[in-house]
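Following: one structure in structure tokens, then a few remarks.
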Protein chains: 6
Amino acid sequence: MRIALINPNTTASMTRKMAAAASAVAGPSTEIAAITAAMGPASIEGYYDEALAVPGLLKELRNAEAGGADAAIIGCFDDTGLDAARAMSTIPVLGLCEAALSLAGFLAKRISVVTTDLRARVPIEELVERYGMAGKVRVRAAGIPVLELDNPRSTAISRLKAEIAQALEADNAEAIVLGCAGMADLAASLQQEFGVPVIDGVVAAARQAEALVSLNLRTSKRGAYAYPAQKAYSGYLFDK
Amino acid sequence: MRIALINPNTTASMTRKMAAAASAVAGPSTEIAAITAAMGPASIEGYYDEALAVPGLLKELRNAEAGGADAAIIGCFDDTGLDAARAMSTIPVLGLCEAALSLAGFLAKRISVVTTDLRARVPIEELVERYGMAGKVRVRAAGIPVLELDNPRSTAISRLKAEIAQALEADNAEAIVLGCAGMADLAASLQQEFGVPVIDGVVAAARQAEALVSLNLRTSKRGAYAYPAQKAYSGYLFDK
Amino acid sequence: MRIALINPNTTASMTRKMAAAASAVAGPSTEIAAITAAMGPASIEGYYDEALAVPGLLKELRNAEAGGADAAIIGCFDDTGLDAARAMSTIPVLGLCEAALSLAGFLAKRISVVTTDLRARVPIEELVERYGMAGKVRVRAAGIPVLELDNPRSTAISRLKAEIAQALEADNAEAIVLGCAGMADLAASLQQEFGVPVIDGVVAAARQAEALVSLNLRTSKRGAYAYPAQKAYSGYLFDK
Amino acid sequence: MRIALINPNTTASMTRKMAAAASAVAGPSTEIAAITAAMGPASIEGYYDEALAVPGLLKELRNAEAGGADAAIIGCFDDTGLDAARAMSTIPVLGLCEAALSLAGFLAKRISVVTTDLRARVPIEELVERYGMAGKVRVRAAGIPVLELDNPRSTAISRLKAEIAQALEADNAEAIVLGCAGMADLAASLQQEFGVPVIDGVVAAARQAEALVSLNLRTSKRGAYAYPAQKAYSGYLFDK
Amino acid sequence: MRIALINPNTTASMTRKMAAAASAVAGPSTEIAAITAAMGPASIEGYYDEALAVPGLLKELRNAEAGGADAAIIGCFDDTGLDAARAMSTIPVLGLCEAALSLAGFLAKRISVVTTDLRARVPIEELVERYGMAGKVRVRAAGIPVLELDNPRSTAISRLKAEIAQALEADNAEAIVLGCAGMADLAASLQQEFGVPVIDGVVAAARQAEALVSLNLRTSKRGAYAYPAQKAYSGYLFDK
Amino acid sequence: MRIALINPNTTASMTRKMAAAASAVAGPSTEIAAITAAMGPASIEGYYDEALAVPGLLKELRNAEAGGADAAIIGCFDDTGLDAARAMSTIPVLGLCEAALSLAGFLAKRISVVTTDLRARVPIEELVERYGMAGKVRVRAAGIPVLELDNPRSTAISRLKAEIAQALEADNAEAIVLGCAGMADLAASLQQEFGVPVIDGVVAAARQAEALVSLNLRTSKRGAYAYPAQKAYSGYLFDK
């Protein structure tokens, strides 16, 4: 089984971090094929970045599906381009936010997502609403630029921990979801430290993708995710 | 006052139809600057088309704002790229769906949107939900490809009328919203025929844009619509 | 075009303030016909005042429509009597709260309404819920009696500003809606001071009323807003 | 214990019907003091009638409370003026719709309200939404003018029965709520005929009013139902 | 009229306290038959205790109905086993939470439930959601083990009062609902002390049960509460 | 890895069918330990059966956890006793309904659950509501007693297929969820026949359980799922 893990931003170090996390949990016969988008923003913080990340993502997804991938993961917690990706393909496509929230809902009744940049808080709140979990989930931003997560001299990690502590205290959180793909390497130690489940979307999506493939379940091609109609698409380097 | 009316699909005849509708209702000192995107799909039917229309739309919006536009309208009923557009600009940006639903809510308690292609029904239902009108609004698709609306030999218009009749009968609709920018020329005659308010999003958005400009109201740059952070955007022909 | 701006309370100074605000933004060919209700409370603070304001309001609306008004505005942020007004007339009728919230939703994702008296907070929260914006909008009362807004020696303005500051801080508000018709003269300076959109319902409603008239859109007379049935109404000075 | 049963419309035959129903179920030491409003419409069908019924209702409520009533019932299924009534008094005030829905919720998971006039359907749907029961309750109008319920030659009863049959079949209704005070005499025979609970609001409210009084529970005077502030009310025959 | 008041936990002192409260408010011809479950937990704090309390409760309900009870009350604020109880019987069955919330909604717009153990907060929040009152009701836990309520040396009462004071201040509560059957004896004095309605579920349910019986209303046997199908139930001491 | 698959009803043939389905999809190192409850109803159709199934289920869960199970599945589509099970254990516990709906949401926007007995429809609708999917999911009952699914002479399968066809037609369903554990053997052939994803809860739960275990995620013991407090539980054969 091959799962394409597509990073919709152009920062290869984030791709490597995600790939390591996903490979560590994938089954023995699963290959994680990690891909960095060539077109798009260096990180995804808010609506504008999301929008500009989508065409590059779709291009990589087309290539991956043509190349035999059995499922795909969009490696961004904003679930950027998820509906478009599903509409254009038949293999299952997973987003990090929905995958993480779905597992979190199996473990706890009150959940807090802790994300990075302030621009990302409302978009994630809208995802929570769309996934029907507004009654259970609160979203907090630690005020960290995404790319600082990789800077060892940054105070990003300590700010993240302070926000988790606040979530437990003020939100009565029973579990924590890490709201950025760049936190994939932190889940285990944070779970150890705080004593509640800490869920990372990358590994959540990897295991859900494997589940769907093994169950022979693919994206519905009836209704909202029907294949796009035949028409001209101007100005794109990849044909539809 | 200059309002940029940006058609995010590449079909110039639709742009002309929208421009005519908007110009007919705009105030005497308002210029409607109609623009057809150079990059994107020929029509927008569902999630995939929406996603690929956004970068071309944002490029035209950037040019329009730089060129002195006071407000902008995204000429598509799916409100394609609306949040991204707002995040990148400070002039008000209007979508057709939210503009039309907002006026419809001033006139009636039960409203039906009648759109074209089946792929567009669920995305519009999601907009209705997001705009908080799920309790008031039903969405119907007449099963018409968008580009057939301009074909005089098509049965598109008669299918549209049949769907409106159904909405009045089965949904108890008190007003009709036309769920496609390509129907902008039909509102007056349909209102005449069916005896209920028939709202087109193009003119609704044009008048709302004028209202915002005249009231000196601009997109908030605090929180969700804060300007994008400085970062690299690879592979785009326009700089951020 | 003539727009009747009906103040449903009996305080003429508030009517003048609203009329000035509306006239300042109305189009060159629009006449704002401001009317103070003869029957009702001196200000509207809570459910009881609302209820007693309605018959006087309806009487003025009937006169205004008979006199040729093209649209009407109910000059109270509680949208007092709005549904009854629409049911009895065919010209468009606008409320301040729905008009302001509708424009605010075009500019920001998180909005705080700041109103005066504590009795008005829950009624406005119920309007927010009814207009489908409970996920986006918080309501705060500054603890100011309505009629104090006109008292130059009052601390009303400073309390209002303190509440706006709280909304930005604690609610993450991205835009402010002024929750009382008596604040119509404050919007511009508050917007200047706080650096976020500040929306007043009077001018919002005036521009929306103009929009509806120019688009030839009138209240639906099918269903909820159908004309009242013929019957006796005892004890009123105006016939139905 | 004295319970004021105030009919907010001016049709005394409806008052008598309600009084008979309420008296039949009230406890031995409870006096039902039935009052017909002197000011207002002959029947209440939709928003306009509701609005014009409120001042007359409030006047009778003031008199009743001053005269020693322990609780009051607003004898109309639209819960006309309920919030205003509670704000002005301290005795408990009950509406028929909320009383009936509350009992119905103890007996069944899926409930249909069957009302009379088409103008009343949406207002009752809004009450259902406000009372948090939109997931459980459907509303149907049988297309019957209210005052026809008393006409022995009318087909009103057979149309009502046909609508109940439809509710059981199409809505999977498990209980029926009669959506008009003028149906108070029909509940027992309809329950017998259809084999499901049939709930009338008049008797539901009477028993709930008794319950509140016996439990020494009165309307909260903190917050939304605080007493009206001192101010002038022009043009009313009764002082506040 | 005989009303079975079944305590689903095994602590007889709580049964006695509830019985005293219910008997004090019941009508002169009503007998409160109080029963302590023989099988189940000593107190009900959270999901696990709830689940293990149900079979013992159902057994007592079966006996009570067979013995001629006209209605039953489940004496626990979690409304433990309520749906199962209704499905197996035809007499009305009341839960404390729904009965108390229903009365509270007649008296106030913003309500806080104050309960005991932290494990009970989320289950009660879920009941509030299910009863459609999430927009009106907040839930607080005072951190008191249920059985401490009867310990005169405990600080339970002072912690409860502190939590009520917080509810008034921070939640803008207009009425308080006591979220544990073991607080039935405290309602009157707390209402006196805090000056807002304080509602206890035991007496609320007792009066609602009387109301249903007097109105000849019984649990619907159509749909969700249809009698269980005939089948084997292994391992229970009472036959279905 | 050992996953306990506990059938909360007492019919061993259903256990065998579920075990076969789960074993067929489980990973090579996963053991499915299937258990039939000794105490409870022969099938679970509605609230009453659910309630009586829980103690037997909890007993088996306690034994399974003590015996070293890494996760558990409750083999009933009603998610019977799920919250209680989670509160008493630390290993992950999955319900069929939430597992199936969660996967279905990755594949389609509009989903129909098709279940068996009419008594189960409303309880499943309540689960859908609780899992936040009421906007996406419809529930249909085919009117089949659960135990007829195993009867080769029954018309159960043809009735089930007719209901699926209706869901596609009338609900615009894009995917089907099988609403009974006893349908686990039918998913593949129905998916083949109807051309949309058909999701069975047993295999969905099995794969999700494996995912949670492999990710080292366990039930939160903070808040709603905290371990039960120490107390007496009378009348049960297993100690807490």
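Labeling convention for the structure tokens: chains A, B, ... as they appear, residues from 1 per chain, ligands from 1 in order of appearance.
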Contacts from chain D to chain F, 12 Å maximum, only C-alpha atoms: show me the residue list as a PyMOL selection string.
chain D and resi 108-110+134-136+172-174
DSSP on the backbone: what in stretch 22-226 of chain B comes out strand (DSSP E), as a PDB file with C-alpha atoms, in the first residue's frame?
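Wrote part.pdb, looks like this:
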ATOM      1  CA  GLU B  31     -18.077  52.744 -12.296  1.00  0.00           C
ATOM      2  CA  ILE B  32     -18.360  48.954 -12.617  1.00  0.00           C
ATOM      3  CA  ALA B  33     -14.984  47.712 -13.805  1.00  0.00           C
ATOM      4  CA  ALA B  34     -15.651  44.202 -15.066  1.00  0.00           C
ATOM      5  CA  ILE B  35     -12.735  41.786 -15.368  1.00  0.00           C
ATOM      6  CA  THR B  36     -12.506  38.233 -16.645  1.00  0.00           C
ATOM      7  CA  GLY B  40      -8.990  29.266 -14.189  1.00  0.00           C
ATOM      8  CA  PRO B  41     -11.898  27.124 -15.387  1.00  0.00           C
ATOM      9  CA  ALA B  71     -14.538  47.617  -3.557  1.00  0.00           C
ATOM     10  CA  ALA B  72     -14.623  44.283  -5.326  1.00  0.00           C
ATOM     11  CA  ILE B  73     -17.202  41.650  -6.173  1.00  0.00           C
ATOM     12  CA  ILE B  74     -16.390  38.012  -6.791  1.00  0.00           C
ATOM     13  CA  VAL B  93     -15.025  42.294  -1.061  1.00  0.00           C
ATOM     14  CA  LEU B  94     -18.469  40.850  -1.653  1.00  0.00           C
ATOM     15  CA  GLY B  95     -19.619  37.395  -2.677  1.00  0.00           C
ATOM     16  CA  ILE B 111     -36.191  31.081   0.780  1.00  0.00           C
ATOM     17  CA  SER B 112     -35.103  28.664  -1.928  1.00  0.00           C
ATOM     18  CA  VAL B 113     -31.897  28.944  -3.889  1.00  0.00           C
ATOM     19  CA  VAL B 114     -32.164  27.464  -7.366  1.00  0.00           C
ATOM     20  CA  THR B 115     -28.798  26.668  -8.895  1.00  0.00           C
ATOM     21  CA  VAL B 137     -33.093  28.352   3.101  1.00  0.00           C
ATOM     22  CA  ARG B 138     -33.361  25.277   0.880  1.00  0.00           C
ATOM     23  CA  VAL B 139     -31.084  24.658  -2.139  1.00  0.00           C
ATOM     24  CA  ARG B 140     -32.185  23.043  -5.386  1.00  0.00           C
ATOM     25  CA  ALA B 141     -30.237  22.216  -8.536  1.00  0.00           C
ATOM     26  CA  ALA B 175     -38.670  34.211  -2.204  1.00  0.00           C
ATOM     27  CA  ILE B 176     -36.252  32.770  -4.764  1.00  0.00           C
ATOM     28  CA  VAL B 177     -32.508  33.348  -4.973  1.00  0.00           C
ATOM     29  CA  LEU B 178     -30.885  32.657  -8.327  1.00  0.00           C
ATOM     30  CA  VAL B 198     -36.449  36.865  -7.144  1.00  0.00           C
ATOM     31  CA  ILE B 199     -32.984  37.920  -6.054  1.00  0.00           C
ATOM     32  CA  ASP B 200     -29.865  37.883  -8.205  1.00  0.00           C
TER      33      ASP B 200
END
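Between atom CA of C:Met1 and atom CA of B:Arg2 there is a distance of 23.2 Å.
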Determine, counting only C-alpha atoms, which protein, DNA and RNA residues have an atom within 7 Å of an atom of F:Gly143; residues of the same chain fewer than 4 positions away are not included. Present the result as number ranges by chain.
F: 116-118
Restricting the calculation to only C-alpha atoms: of A:Tyr227, A:Ala232, A:Ala142, A:Leu5, which residue gets closest to A:Ala64?
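Using only C-alpha atoms, A:Ala64 sits closest to A:Leu5.
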Would you mind reading off the distance between atom CA of F:Glu98 and atom CA of F:Val128, one decimal, in Å?
8.3 Å
If we count only C-alpha atoms and set the cut-off at 8 Å, which residues sit around stretch 203-208 of chain D, ignoring sequence neighbours fewer than 3 positions away in its own chain? Please answer as a JSON list (two decimals) with C-alpha atoms, in the first residue's frame.
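Final file, selection.json:
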[["chain", "number", "residue", "atom", "x", "y", "z"],
["D", 3, "ILE", "CA", -55.04, 31.97, 37.72],
["D", 21, "ALA", "CA", -61.08, 23.45, 29.45],
["D", 22, "ALA", "CA", -58.88, 24.98, 32.12],
["D", 25, "VAL", "CA", -58.50, 20.22, 34.95],
["D", 26, "ALA", "CA", -57.63, 22.76, 37.65],
["D", 73, "ILE", "CA", -51.87, 32.35, 31.12],
["D", 94, "LEU", "CA", -47.35, 30.88, 30.83],
["D", 95, "GLY", "CA", -47.76, 30.62, 27.08],
["D", 96, "LEU", "CA", -49.72, 27.83, 25.46],
["D", 99, "ALA", "CA", -46.47, 24.71, 27.99],
["D", 100, "ALA", "CA", -47.76, 22.21, 25.44],
["D", 103, "LEU", "CA", -45.41, 18.33, 28.23],
["D", 184, "ALA", "CA", -59.06, 23.12, 23.39],
["D", 199, "ILE", "CA", -51.84, 17.85, 23.86],
["D", 200, "ASP", "CA", -53.79, 21.09, 24.18],
["D", 211, "ALA", "CA", -47.28, 23.89, 39.62],
["D", 212, "LEU", "CA", -45.25, 27.08, 39.67],
["E", 208, "GLN", "CA", -45.33, 17.71, 36.30],
["E", 211, "ALA", "CA", -50.17, 17.42, 35.66],
["E", 215, "LEU", "CA", -54.62, 15.56, 31.86]]
Running DSSP on the backbone, which parts of stretch 113-179 of chain F land in alpha helix (DSSP H), as a ChimeraX atom specification?
/F:121-130,156-170
Just write the chosen residues, N, CA and C atoms, as a PDB file, in the first residue's frame.
ATOM      1  N   ARG F 121     -34.655   3.735  14.954  1.00  0.00           N
ATOM      2  CA  ARG F 121     -34.398   4.923  14.141  1.00  0.00           C
ATOM      3  C   ARG F 121     -34.113   6.166  14.980  1.00  0.00           C
ATOM      4  N   VAL F 122     -35.000   6.496  15.903  1.00  0.00           N
ATOM      5  CA  VAL F 122     -34.789   7.710  16.705  1.00  0.00           C
ATOM      6  C   VAL F 122     -33.514   7.618  17.547  1.00  0.00           C
ATOM      7  N   PRO F 123     -33.258   6.494  18.231  1.00  0.00           N
ATOM      8  CA  PRO F 123     -31.974   6.433  18.958  1.00  0.00           C
ATOM      9  C   PRO F 123     -30.757   6.685  18.060  1.00  0.00           C
ATOM     10  N   ILE F 124     -30.790   6.184  16.843  1.00  0.00           N
ATOM     11  CA  ILE F 124     -29.642   6.439  15.952  1.00  0.00           C
ATOM     12  C   ILE F 124     -29.639   7.905  15.505  1.00  0.00           C
ATOM     13  N   GLU F 125     -30.805   8.473  15.251  1.00  0.00           N
ATOM     14  CA  GLU F 125     -30.844   9.913  14.935  1.00  0.00           C
ATOM     15  C   GLU F 125     -30.237  10.731  16.080  1.00  0.00           C
ATOM     16  N   GLU F 126     -30.480  10.296  17.299  1.00  0.00           N
ATOM     17  CA  GLU F 126     -29.888  11.020  18.435  1.00  0.00           C
ATOM     18  C   GLU F 126     -28.365  10.865  18.462  1.00  0.00           C
ATOM     19  N   LEU F 127     -27.873   9.689  18.107  1.00  0.00           N
ATOM     20  CA  LEU F 127     -26.415   9.530  18.005  1.00  0.00           C
ATOM     21  C   LEU F 127     -25.852  10.458  16.929  1.00  0.00           C
ATOM     22  N   VAL F 128     -26.507  10.482  15.786  1.00  0.00           N
ATOM     23  CA  VAL F 128     -26.059  11.350  14.688  1.00  0.00           C
ATOM     24  C   VAL F 128     -25.978  12.799  15.165  1.00  0.00           C
ATOM     25  N   GLU F 129     -26.993  13.224  15.871  1.00  0.00           N
ATOM     26  CA  GLU F 129     -27.014  14.571  16.442  1.00  0.00           C
ATOM     27  C   GLU F 129     -25.842  14.760  17.407  1.00  0.00           C
ATOM     28  N   ARG F 130     -25.646  13.797  18.288  1.00  0.00           N
ATOM     29  CA  ARG F 130     -24.586  13.896  19.280  1.00  0.00           C
ATOM     30  C   ARG F 130     -23.204  13.910  18.628  1.00  0.00           C
ATOM     31  N   ALA F 156     -35.744  -9.987   4.351  1.00  0.00           N
ATOM     32  CA  ALA F 156     -35.007  -8.883   4.972  1.00  0.00           C
ATOM     33  C   ALA F 156     -34.042  -8.220   3.989  1.00  0.00           C
ATOM     34  N   ILE F 157     -33.297  -9.026   3.265  1.00  0.00           N
ATOM     35  CA  ILE F 157     -32.282  -8.441   2.377  1.00  0.00           C
ATOM     36  C   ILE F 157     -32.934  -7.611   1.279  1.00  0.00           C
ATOM     37  N   SER F 158     -34.018  -8.093   0.735  1.00  0.00           N
ATOM     38  CA  SER F 158     -34.641  -7.309  -0.338  1.00  0.00           C
ATOM     39  C   SER F 158     -35.255  -6.023   0.210  1.00  0.00           C
ATOM     40  N   ARG F 159     -35.773  -6.077   1.425  1.00  0.00           N
ATOM     41  CA  ARG F 159     -36.273  -4.829   2.018  1.00  0.00           C
ATOM     42  C   ARG F 159     -35.125  -3.851   2.285  1.00  0.00           C
ATOM     43  N   LEU F 160     -33.992  -4.380   2.727  1.00  0.00           N
ATOM     44  CA  LEU F 160     -32.828  -3.530   2.965  1.00  0.00           C
ATOM     45  C   LEU F 160     -32.382  -2.851   1.666  1.00  0.00           C
ATOM     46  N   LYS F 161     -32.346  -3.624   0.581  1.00  0.00           N
ATOM     47  CA  LYS F 161     -31.928  -3.047  -0.705  1.00  0.00           C
ATOM     48  C   LYS F 161     -32.904  -1.975  -1.182  1.00  0.00           C
ATOM     49  N   ALA F 162     -34.181  -2.221  -0.965  1.00  0.00           N
ATOM     50  CA  ALA F 162     -35.168  -1.218  -1.382  1.00  0.00           C
ATOM     51  C   ALA F 162     -34.968   0.079  -0.598  1.00  0.00           C
ATOM     52  N   GLU F 163     -34.612  -0.049   0.662  1.00  0.00           N
ATOM     53  CA  GLU F 163     -34.407   1.147   1.487  1.00  0.00           C
ATOM     54  C   GLU F 163     -33.152   1.897   1.034  1.00  0.00           C
ATOM     55  N   ILE F 164     -32.112   1.165   0.664  1.00  0.00           N
ATOM     56  CA  ILE F 164     -30.897   1.819   0.139  1.00  0.00           C
ATOM     57  C   ILE F 164     -31.229   2.570  -1.150  1.00  0.00           C
ATOM     58  N   ALA F 165     -31.980   1.941  -2.007  1.00  0.00           N
ATOM     59  CA  ALA F 165     -32.361   2.609  -3.260  1.00  0.00           C
ATOM     60  C   ALA F 165     -33.123   3.900  -2.974  1.00  0.00           C
ATOM     61  N   GLN F 166     -34.007   3.850  -1.999  1.00  0.00           N
ATOM     62  CA  GLN F 166     -34.738   5.048  -1.587  1.00  0.00           C
ATOM     63  C   GLN F 166     -33.804   6.133  -1.056  1.00  0.00           C
ATOM     64  N   ALA F 167     -32.809   5.726  -0.285  1.00  0.00           N
ATOM     65  CA  ALA F 167     -31.870   6.698   0.282  1.00  0.00           C
ATOM     66  C   ALA F 167     -31.119   7.423  -0.836  1.00  0.00           C
ATOM     67  N   LEU F 168     -30.711   6.693  -1.853  1.00  0.00           N
ATOM     68  CA  LEU F 168     -29.990   7.316  -2.973  1.00  0.00           C
ATOM     69  C   LEU F 168     -30.903   8.294  -3.696  1.00  0.00           C
ATOM     70  N   GLU F 169     -32.125   7.888  -3.895  1.00  0.00           N
ATOM     71  CA  GLU F 169     -33.083   8.692  -4.649  1.00  0.00           C
ATOM     72  C   GLU F 169     -33.592   9.899  -3.838  1.00  0.00           C
ATOM     73  N   ALA F 170     -34.114   9.652  -2.674  1.00  0.00           N
ATOM     74  CA  ALA F 170     -34.824  10.706  -1.942  1.00  0.00           C
ATOM     75  C   ALA F 170     -33.910  11.534  -1.040  1.00  0.00           C
TER      76      ALA F 170
END
Neighbouring residues of F:Asn216 were defined as those with any atom within 10 Å, considering only C-alpha atoms; residues of the same chain fewer than 6 positions away were excluded. Please report them as a PDB file with C-alpha atoms, in the first residue's frame.
ATOM      1  CA  VAL A  25       3.269   4.350  12.738  1.00  0.00           C
ATOM      2  CA  ALA A 188       4.570  11.833  22.528  1.00  0.00           C
ATOM      3  CA  GLN A 191       1.296  13.455  26.230  1.00  0.00           C
ATOM      4  CA  PRO A 197      -4.131  12.215  25.228  1.00  0.00           C
ATOM      5  CA  VAL A 198      -2.242  14.463  22.807  1.00  0.00           C
ATOM      6  CA  ILE A 199      -3.221  13.833  19.202  1.00  0.00           C
TER       7      ILE A 199
ATOM      8  CA  ASP F  70      -5.469  -3.455  24.210  1.00  0.00           C
ATOM      9  CA  ILE F  91      -8.026   1.096  26.928  1.00  0.00           C
ATOM     10  CA  PRO F  92      -9.731   2.695  23.926  1.00  0.00           C
ATOM     11  CA  GLU F 210      -5.977  -0.733  15.826  1.00  0.00           C
TER      12      GLU F 210
END
To one decimal in Å, tell me the separation between atom CA of C:Pro145 and atom CA of C:Glu45.
8.2 Å
Residues within 12 Å of C:Ala53, only C-alpha atoms, excluding chain neighbours under 2 positions, as a PyMOL selection string
(chain C and resi 6-11+36-51+55-60+74-76+78-82) or (chain D and resi 51-52+54-55+84+232-236)
